[in-house]
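K.L.:
Structure provided below as structure tokens; questions to follow.
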Amino acid sequence: MENRKSRILLVEDDVNFGSILKSYLELNDLEVVLKPDGKRAMEVLGRQEFHLCIFDVMMPELDGFSLAEAMKAGGLNIPFIFLTAKTLKEDQVRGFSLGADDYITKPFDTDLLLYKIKAILRRGAENNESSGRDEFCIGIFLFNTRMRTLQSPASNRTLTAREAELLKMLCNAKDQFLIRKEALLKIWGEDSYFTGRSMDVFIARLRKYLKEDDRLEIVNIHGDGYRLLQK
């Protein structure tokens, strides 16, 4: 049976740039749907299956940050990248805080972009095909790794792909600790300042989710990693 191509939603208001990037990605065996603004992107999200989204930030109708928020509010847990000319540190931090898998500023190296895209797609495929443990009991929570759900008697939360992978790695670490660099390389594909900041945001989110059970704690281990403890 022929393997299906991974489908990417590219949202870019610069028609020429968007068309060039679309052609480049298609030459590298990816299927690309190009939309010129966030409003038109929302029209296809949820109606078509996408394995990854690439959002510009500064767009008419609906900007990239608002598009990411709307997508998450609609329960669509699709990995996404911001590809934008907005280079301010606070914009990058906001992008990662929204759950972006990466924040890439223009101009950029197309080969590097392709590498990052394939790393994200490969991670998603590995998660789907993994034959490892599907469920973990964490204090009062039941964590289903395939459905990415974190349930307690009082709540039922669907995690993003990165939140789920990070929590799964913490659970699999058991009595040892999760090495920070290993998590960055596996989940983000690189160990850099910005991916490190992104990971800090995700750890803070998981701590907030688990706060419902005051016996649970994610602790820092000498700045080298994290450990999930149950008191």
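Labels used: A, B, ... for chains in the order of the structure tokens, numbers from 1 for residues in each chain, and numbers from 1 for ligands as shown.
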So that I can see what lies close to Asp191 in chain A, please list as a PyMOL selection string the residues with an atom at most 9 Å from it, counting only C-alpha atoms and leaving out residues fewer than 6 positions away in the same chain.
P.N.:
chain A and resi 180-185
K.L.:
List every residue of range 54-145 of chain A that has an atom at most 10 Å from any atom of range 210-229 of chain A, and for each one report the closest atom pair and its distance in Å to one decimal, counting only C-alpha atoms, with rows sorted by chain and then by increasing residue number, as a Markdown table.
P.N.:
```
| residue | atom | partner | partner_atom | distance |
| --- | --- | --- | --- | --- |
| A:Ile138 | CA | A:Leu216 | CA | 8.0 |
| A:Gly139 | CA | A:Asp213 | CA | 6.7 |
| A:Ile140 | CA | A:Asp213 | CA | 6.5 |
| A:Phe141 | CA | A:Leu210 | CA | 8.2 |
```
K.L.:
Would you output that residue set with N, CA and C atoms, as a PDB file, in the first residue's frame?
P.N.:
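Final file, out-v5.pdb:
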```pdb
ATOM      1  N   ILE A 138      -1.443   8.573  37.968  1.00  0.00           N
ATOM      2  CA  ILE A 138      -0.584   9.572  38.605  1.00  0.00           C
ATOM      3  C   ILE A 138      -1.409  10.219  39.709  1.00  0.00           C
ATOM      4  N   GLY A 139      -1.221   9.782  40.941  1.00  0.00           N
ATOM      5  CA  GLY A 139      -2.039  10.322  42.026  1.00  0.00           C
ATOM      6  C   GLY A 139      -3.513  10.084  41.734  1.00  0.00           C
ATOM      7  N   ILE A 140      -4.293  11.162  41.723  1.00  0.00           N
ATOM      8  CA  ILE A 140      -5.727  11.042  41.445  1.00  0.00           C
ATOM      9  C   ILE A 140      -6.028  11.048  39.941  1.00  0.00           C
ATOM     10  N   PHE A 141      -4.979  11.143  39.116  1.00  0.00           N
ATOM     11  CA  PHE A 141      -5.162  11.289  37.677  1.00  0.00           C
ATOM     12  C   PHE A 141      -4.999   9.961  36.943  1.00  0.00           C
TER      13      PHE A 141
END
```
K.L.:
Which of chain A end up as helix (DSSP H, G or I) when DSSP is run on this backbone - answer as JSON, numbers by chain?
P.N.:
{"A": [15, 16, 17, 18, 19, 20, 21, 22, 23, 24, 25, 26, 27, 38, 39, 40, 41, 42, 43, 44, 64, 65, 66, 67, 68, 69, 70, 71, 72, 73, 89, 90, 91, 92, 93, 94, 95, 96, 97, 110, 111, 112, 113, 114, 115, 116, 117, 118, 119, 120, 121, 122, 123, 124, 125, 126, 127, 128, 129, 161, 162, 163, 164, 165, 166, 167, 168, 169, 170, 171, 172, 180, 181, 182, 183, 184, 185, 186, 187, 188, 193, 194, 195, 196, 197, 198, 199, 200, 201, 202, 203, 204, 205, 206, 207, 208, 209, 210]}
K.L.:
In terms of the shortest atom-to-atom distance over only C-alpha atoms, which of A:Ala161, A:Ala119, A:Met169, A:Leu34 is closest to Trp188 in chain A?
P.N.:
A:Ala119
K.L.:
Could you pull the residues within 9 Å of range 110-113 of chain A, counting only C-alpha atoms, minus those fewer than 5 positions along the same chain, as a list in words?
P.N.:
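Residues meeting the cut-off are Leu21, Tyr24, Ile104 and Lys118 of chain A.
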K.L.:
Could you write out that same residue set with C-alpha atoms as a compact mmCIF listing (two decimals), in the first residue's frame?
P.N.:
```txt
# COMPACT_ATOMS: atom_id res chain seq x y z
CA LEU A 21 7.44 27.81 0.05
CA TYR A 24 9.54 23.78 -2.10
CA ILE A 104 11.17 30.54 13.18
CA LYS A 118 10.24 16.30 9.35
```
K.L.:
Determine the nearest neighbour of Val32 in chain A from the options A:Leu52, A:Leu45, A:Val201, A:Met71, counting only C-alpha atoms.
P.N.:
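Checking each of A:Leu52, A:Leu45, A:Val201, A:Met71 against Val32 in chain A, counting only C-alpha atoms, the winner is A:Leu52.
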K.L.:
Have a look at A:Leu98, A:Leu150, A:Leu159, A:Leu10 and name the one nearest to Asp56 in chain A; count only C-alpha atoms.
P.N.:
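When distances to Asp56 in chain A are compared using only C-alpha atoms, the smallest one comes from A:Leu10.
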K.L.:
Skip Pro36 in chain A itself and residues of its chain fewer than 2 positions away, then list as a PDB file with N, CA and C atoms, in the first residue's frame all residues within 9 Å of it, counting only C-alpha atoms.
P.N.:
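Heads up, here's the output in selection.pdb:
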```
ATOM      1  N   LEU A  10      -0.407  25.632   5.407  1.00  0.00           N
ATOM      2  CA  LEU A  10       0.472  26.803   5.395  1.00  0.00           C
ATOM      3  C   LEU A  10      -0.397  28.051   5.301  1.00  0.00           C
ATOM      4  N   VAL A  11      -0.301  28.928   6.296  1.00  0.00           N
ATOM      5  CA  VAL A  11      -1.112  30.152   6.325  1.00  0.00           C
ATOM      6  C   VAL A  11      -0.161  31.338   6.220  1.00  0.00           C
ATOM      7  N   GLU A  12      -0.187  31.999   5.075  1.00  0.00           N
ATOM      8  CA  GLU A  12       0.774  33.058   4.760  1.00  0.00           C
ATOM      9  C   GLU A  12       0.107  34.076   3.843  1.00  0.00           C
ATOM     10  N   ASP A  13       0.124  35.367   4.256  1.00  0.00           N
ATOM     11  CA  ASP A  13      -0.565  36.382   3.464  1.00  0.00           C
ATOM     12  C   ASP A  13       0.281  36.931   2.322  1.00  0.00           C
ATOM     13  N   ASP A  14       1.574  36.669   2.315  1.00  0.00           N
ATOM     14  CA  ASP A  14       2.428  37.057   1.191  1.00  0.00           C
ATOM     15  C   ASP A  14       2.289  35.982   0.111  1.00  0.00           C
ATOM     16  N   VAL A  15       1.537  36.299  -0.931  1.00  0.00           N
ATOM     17  CA  VAL A  15       1.187  35.301  -1.942  1.00  0.00           C
ATOM     18  C   VAL A  15       2.431  34.716  -2.617  1.00  0.00           C
ATOM     19  N   GLY A  18       4.419  32.604  -0.084  1.00  0.00           N
ATOM     20  CA  GLY A  18       3.660  31.401   0.226  1.00  0.00           C
ATOM     21  C   GLY A  18       3.702  30.387  -0.904  1.00  0.00           C
ATOM     22  N   LEU A  34      -2.400  25.871   1.038  1.00  0.00           N
ATOM     23  CA  LEU A  34      -2.010  27.259   1.301  1.00  0.00           C
ATOM     24  C   LEU A  34      -3.245  28.137   1.450  1.00  0.00           C
ATOM     25  N   GLY A  38      -5.840  33.918   8.436  1.00  0.00           N
ATOM     26  CA  GLY A  38      -6.329  33.033   9.470  1.00  0.00           C
ATOM     27  C   GLY A  38      -7.800  32.667   9.332  1.00  0.00           C
ATOM     28  N   LYS A  39      -8.597  33.608   8.841  1.00  0.00           N
ATOM     29  CA  LYS A  39     -10.033  33.339   8.700  1.00  0.00           C
ATOM     30  C   LYS A  39     -10.279  32.216   7.704  1.00  0.00           C
ATOM     31  N   ARG A  40      -9.575  32.234   6.568  1.00  0.00           N
ATOM     32  CA  ARG A  40      -9.744  31.175   5.575  1.00  0.00           C
ATOM     33  C   ARG A  40      -9.141  29.866   6.053  1.00  0.00           C
ATOM     34  N   ALA A  41      -8.107  29.977   6.883  1.00  0.00           N
ATOM     35  CA  ALA A  41      -7.527  28.752   7.448  1.00  0.00           C
ATOM     36  C   ALA A  41      -8.529  28.051   8.352  1.00  0.00           C
ATOM     37  N   MET A  59      -1.115  38.858   9.918  1.00  0.00           N
ATOM     38  CA  MET A  59      -2.012  38.585   8.794  1.00  0.00           C
ATOM     39  C   MET A  59      -3.311  39.360   8.973  1.00  0.00           C
ATOM     40  N   PRO A  60      -3.991  39.667   7.875  1.00  0.00           N
ATOM     41  CA  PRO A  60      -5.309  40.309   7.975  1.00  0.00           C
ATOM     42  C   PRO A  60      -6.351  39.312   8.458  1.00  0.00           C
TER      43      PRO A  60
END
```
K.L.:
Quote the spacing between CA of Cys171 in chain A and CA of Ile203 in chain A in Å to one decimal place.
P.N.:
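Separation of CA of Cys171 in chain A and CA of Ile203 in chain A: 13.3 Å.
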